[in-house]
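For reference, the structure discussed in these notes is given below.
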Amino acid sequence: MRCSVDTLEPSRDDAGMAAYDFTAPRLYIDSPLLAGAILPLDRAQANYLLNVLRRGPQDPVLVFNGRDGEWRAAIGQTGRKSAELTLLERTRPQPGKADLHYLFAPLKSARLDYLAQKAVEMGAGTIRPVFTRYTQGEKLNTERLRANAIEAAEQCGILAIPDLPQPARLPAALADLSLERLLVFCDEDAAVSDPIEALKQAADPGAPPPLAVLIGPEGGFAAEERALILERPNTVALSLGPRILRADTAAVVALALVQSVLGDTR
């Protein structure tokens, strides 16, 4: 899968080729990164490089940890099923984390995996599960959520791993949002209108505020929940069109709209 790299277009050399190496595998390793550091790989990472991708010492690998930028590394095989990486040089500095919060009602596992991956790809800097009356289930595997976020970052050249605050009930999640943060409330009961114009009326695209996007469960929000959301200052109710979308589809549509009008892809 090929995705855009952070919010920057890859630079191009004199021949017009992309300077960013899309062919090198990328690994997230939660260790300090600096030139000359030797990083032992866990068994799964070693198997992925040596056996699945069949990479050897001459093949480049890119490494990131969400803090120290991206580094090019050399593979060293230390056993039949073990390997280590030696960091050679930094290829990209660490960018700031996107100031976009994505709040969502948890879904069933497979669709939750998809949702987490797409939220990372679309530039969410914080991903927070929110429990509502019609949430399908409140058993949430936060480690799986984080693993999906990391996998999306690895595949798409993203260097900042999103924050994953603990799940919260809707009132608590709303209370945790600062009042200067514009909350984009995707509301199936909102009047069908131009969502781009609604966003432009809610904030100045030339100087957009911090942003948050809220997507509800498949059953929608209860009446009292909608009232609570709409009572919050600095909130815009946004229709995504005349059709009712699945929650995971609505997430992609809403994040694309917000990013294109007020976010980092405008």
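Residues in the structure tokens are named by chain (A, B, ... in the order shown) and by number from 1 within that chain; ligands are numbered from 1 in the order shown.
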Tell me, which residues of region 24-163 of chain A carry DSSP strand (DSSP E), written as an mmCIF file with C-alpha atoms, in the first residue's frame?
```cif
data_model
loop_
_atom_site.group_PDB
_atom_site.id
_atom_site.type_symbol
_atom_site.label_atom_id
_atom_site.label_comp_id
_atom_site.auth_asym_id
_atom_site.auth_seq_id
_atom_site.Cartn_x
_atom_site.Cartn_y
_atom_site.Cartn_z
ATOM 1 C CA ARG A 26 9.638 0.645 7.575
ATOM 2 C CA LEU A 27 9.652 -0.604 11.145
ATOM 3 C CA TYR A 28 8.455 1.049 14.333
ATOM 4 C CA ILE A 38 22.378 -1.261 17.280
ATOM 5 C CA LEU A 39 18.764 -2.333 17.707
ATOM 6 C CA PRO A 40 17.914 -5.993 18.257
ATOM 7 C CA VAL A 61 15.386 -0.551 6.078
ATOM 8 C CA LEU A 62 13.784 2.586 7.508
ATOM 9 C CA VAL A 63 13.185 2.876 11.249
ATOM 10 C CA PHE A 64 11.153 5.313 13.357
ATOM 11 C CA GLU A 70 13.215 8.404 10.477
ATOM 12 C CA TRP A 71 16.526 6.554 10.098
ATOM 13 C CA ARG A 72 18.118 4.355 7.472
ATOM 14 C CA ALA A 73 19.481 1.122 8.901
ATOM 15 C CA ALA A 74 21.559 -1.884 7.852
ATOM 16 C CA ILE A 75 20.420 -5.430 8.595
ATOM 17 C CA GLY A 76 22.692 -7.751 10.540
ATOM 18 C CA GLN A 77 21.597 -11.391 10.807
ATOM 19 C CA THR A 78 22.617 -12.770 14.206
ATOM 20 C CA GLY A 79 21.040 -16.205 13.846
ATOM 21 C CA SER A 82 17.243 -13.401 14.660
ATOM 22 C CA ALA A 83 18.588 -10.101 13.406
ATOM 23 C CA GLU A 84 19.570 -6.601 14.447
ATOM 24 C CA LEU A 85 19.653 -3.214 12.787
ATOM 25 C CA THR A 86 22.509 -0.700 12.818
ATOM 26 C CA LEU A 87 21.357 2.896 12.366
ATOM 27 C CA LEU A 88 23.295 4.721 9.662
ATOM 28 C CA GLU A 89 21.790 8.161 9.079
ATOM 29 C CA ARG A 90 18.633 10.133 9.679
ATOM 30 C CA THR A 91 16.559 10.490 6.534
ATOM 31 C CA ARG A 92 13.794 12.762 7.874
ATOM 32 C CA LEU A 100 -6.641 16.681 15.020
ATOM 33 C CA HIS A 101 -8.627 14.619 17.516
ATOM 34 C CA TYR A 102 -10.736 11.753 16.232
ATOM 35 C CA LEU A 103 -13.488 10.593 18.606
ATOM 36 C CA PHE A 104 -15.503 7.520 17.673
ATOM 37 C CA THR A 126 -5.308 11.677 18.783
ATOM 38 C CA ILE A 127 -7.671 8.709 18.504
ATOM 39 C CA ARG A 128 -10.127 8.238 21.344
ATOM 40 C CA PRO A 129 -12.907 5.661 21.725
ATOM 41 C CA VAL A 130 -16.125 7.133 23.125
ATOM 42 C CA PHE A 131 -18.904 5.034 24.610
#
```
(request) May I have all residues of region 39-262 of chain A that DSSP, computed from the backbone, assigns to alpha helix (DSSP H), given as JSON, numbers by chain? (result) {"A": [43, 44, 45, 46, 47, 109, 110, 111, 112, 113, 114, 115, 116, 117, 118, 119, 120, 121, 142, 143, 144, 145, 146, 147, 148, 149, 150, 151, 152, 153, 154, 155, 156, 170, 171, 172, 173, 174, 175, 176, 195, 196, 197, 198, 199, 200, 201, 202, 223, 224, 225, 226, 227, 228, 229, 230, 231, 247, 248, 249, 250, 251, 252, 253, 254, 255, 256, 257, 258, 259, 260, 261]}
(request) Mind giving me the straight-line distance from CA of Ala37 (chain A) to CA of Gly157 (chain A) in Å, one decimal? (result)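 Taking CA of Ala37 (chain A) and CA of Gly157 (chain A), their separation equals 21.4 Å.
Restricting the calculation to only C-alpha atoms, the smallest distance between Pro162 (chain A) and any of A:Val236, A:Ala124, A:Ala256, A:Leu199 is found for A:Ala124.
Distances from A:Ser239, A:Gln45, A:Gln94, A:Thr142 to Ala254 (chain A) were compared using only C-alpha atoms, and the smallest one belongs to A:Ser239.
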(request) Quick one: pull the distance between CA of Pro95 (chain A) and CA of Arg181 (chain A), Å, one decimal. (result)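 Computed distance, CA of Pro95 (chain A) to CA of Arg181 (chain A), equals 21.1 Å.
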(message) Calculated over only C-alpha atoms, which of the candidates A:Val52, A:Leu214, A:Glu180, A:Asp68 has the smallest distance to Thr132 (chain A)?
(response)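 For Thr132 (chain A), the nearest of the candidates is A:Leu214.
For the set A:Ala168, A:Leu50, A:Leu211, A:Leu159, the residue with the smallest atom-to-atom gap to Asp264 (chain A) is A:Leu211, counting only C-alpha atoms.
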(message) With only C-alpha atoms as the counted atoms, please give the residues lying no more than 10 Å from Gly219 (chain A), apart from itself and same-chain residues fewer than 5 positions off, as number ranges by chain.
(response) A: 132-136, 246-247
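Pairwise distance (CA of Ala250 (chain A), CA of Met122 (chain A)) equals 12.7 Å.
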